[in-house]
Amino acid sequence: MTKRALLIVDVQNDFLSDGNLAVPAGDEIIPLLNRLQEIFELVIATKDWHPKNHKSFASQHRNKQEQILWPDHCVQNSFGSEFSSALNTARIERIFYKGTDKNIDSYSGFLDNDRKQKTGLEEYLKQKGVKDIYVAGLATDYCVKHTALDGKSAGFNVFVIEDACRGVDLNKGDIEKSFKEMEDKGINIIKSEDIEKA
């Protein structure tokens, strides 16, 4: 049984340079992600997978909402929703889709923001015998953070690979706060060089 897995979060065109919701320096992590995949027996990934009328899109609102409003991004079956062509996808065994309900946002790869709808990721990892998950991808202060926190809540040992993530930093300091919040919850913040070959 596989004891550990690499979980690649949302390395999609809309989050990369020239994308609708580009994460600063997001492209920089792709060569590292490709190298990291060689270390793990099990590689899985998440995708933001929004209907075109998703409520988190600013285009769907006339007035300001409590919901954070983003540019339209990762619309299902669009170029923006595809993985970067530079990302090696041959070893990705399974993709989990999130944000598929137009009425609810979903930062976490495990379940949506109202904590009701699961993606199936937790069950899949447990079925595979995974104990340790190594999280990398985009963006540190949103989908990486929430995926890591939910993984910890689900009973996994969670490692976030700091140099294989990039953040939005919508409010200056958000990335730093996110790492501290994860550490405070017992998540291990590591560097790629700390990971040993299985």
# chains A, B, ... in the order shown; residues from 1 in each chain; ligands from 1
call {"tool": "select_by_dssp", "arguments": {"residues": "segment 101-150 of chain A", "states": "strand (DSSP E or B)", "output": "PDB file with C-alpha atoms, in the first residue's frame"}}
result
ATOM      1  CA  LEU A 111     -14.634  19.701   0.251  1.00  0.00           C
ATOM      2  CA  LYS A 118     -16.884  16.261  -0.627  1.00  0.00           C
ATOM      3  CA  ASP A 132       1.345  11.314   4.452  1.00  0.00           C
ATOM      4  CA  ILE A 133       0.327  13.879   1.848  1.00  0.00           C
ATOM      5  CA  TYR A 134       2.758  16.372   0.359  1.00  0.00           C
ATOM      6  CA  VAL A 135       0.937  19.435  -0.964  1.00  0.00           C
ATOM      7  CA  ALA A 136       2.313  21.767  -3.637  1.00  0.00           C
ATOM      8  CA  GLY A 137       0.884  24.158  -6.220  1.00  0.00           C
ATOM      9  CA  LEU A 138      -1.295  27.263  -6.408  1.00  0.00           C
TER      10      LEU A 138
END
call {"tool": "residues_around", "arguments": {"residues": "Leu36 of chain A", "least_positions_apart": "2", "cutoff": "10 Å", "atoms": "only C-alpha atoms", "output": "count of residues only"}}
result
16
call {"tool": "residues_around", "arguments": {"residues": "Ser108 of chain A", "least_positions_apart": "2", "cutoff": "10 Å", "atoms": "only C-alpha atoms", "output": "JSON, numbers by chain"}}
result
{"A": [9, 46, 48, 98, 99, 105, 106, 110, 111, 112, 113, 115, 118, 119, 142, 143, 144, 145, 146, 147, 148, 149, 150, 151]}
call {"tool": "select_by_dssp", "arguments": {"residues": "segment 120-192 of chain A", "states": "helix (DSSP H, G or I)", "output": "ChimeraX atom specification"}}
result
/A:121-127,140-153,174-184,192
call {"tool": "write_last_selection", "arguments": {"atoms": "C-alpha atoms", "output": "compact mmCIF listing (two decimals), in the first residue's frame"}}
result
# COMPACT_ATOMS: atom_id res chain seq x y z
CA LEU A 121 -10.21 12.88 -2.29
CA GLU A 122 -10.22 11.81 1.37
CA GLU A 123 -11.83 8.46 0.61
CA TYR A 124 -9.47 7.83 -2.30
CA LEU A 125 -6.34 8.51 -0.24
CA LYS A 126 -7.53 6.29 2.60
CA GLN A 127 -8.41 3.51 0.17
CA THR A 140 -0.46 29.16 -1.11
CA ASP A 141 -2.92 31.44 0.66
CA TYR A 142 -6.09 29.92 -0.81
CA CYS A 143 -6.33 26.46 -2.34
CA VAL A 144 -3.04 25.09 -0.99
CA LYS A 145 -3.79 26.29 2.53
CA HIS A 146 -7.37 25.04 2.63
CA THR A 147 -6.43 21.69 1.09
CA ALA A 148 -3.66 21.24 3.67
CA LEU A 149 -5.91 22.19 6.60
CA ASP A 150 -8.66 19.83 5.49
CA GLY A 151 -6.13 17.06 4.93
CA LYS A 152 -4.94 17.51 8.51
CA SER A 153 -8.54 17.50 9.79
CA ASP A 174 -1.33 36.79 3.45
CA ILE A 175 1.23 34.22 2.29
CA GLU A 176 3.28 34.52 5.47
CA LYS A 177 0.14 34.34 7.62
CA SER A 178 -0.99 31.24 5.74
CA PHE A 179 2.23 29.37 6.47
CA LYS A 180 1.94 30.33 10.15
CA GLU A 181 -1.70 29.25 10.30
CA MET A 182 -0.82 25.89 8.77
CA GLU A 183 2.11 25.40 11.15
CA ASP A 184 -0.09 26.28 14.13
CA SER A 192 11.71 20.15 -1.58
call {"tool": "closest_residue", "arguments": {"among": "A:Gly129, A:Ile161, A:Tyr97, A:Ala139", "to": "Gln117 of chain A", "atoms": "only C-alpha atoms"}}
result
A:Tyr97
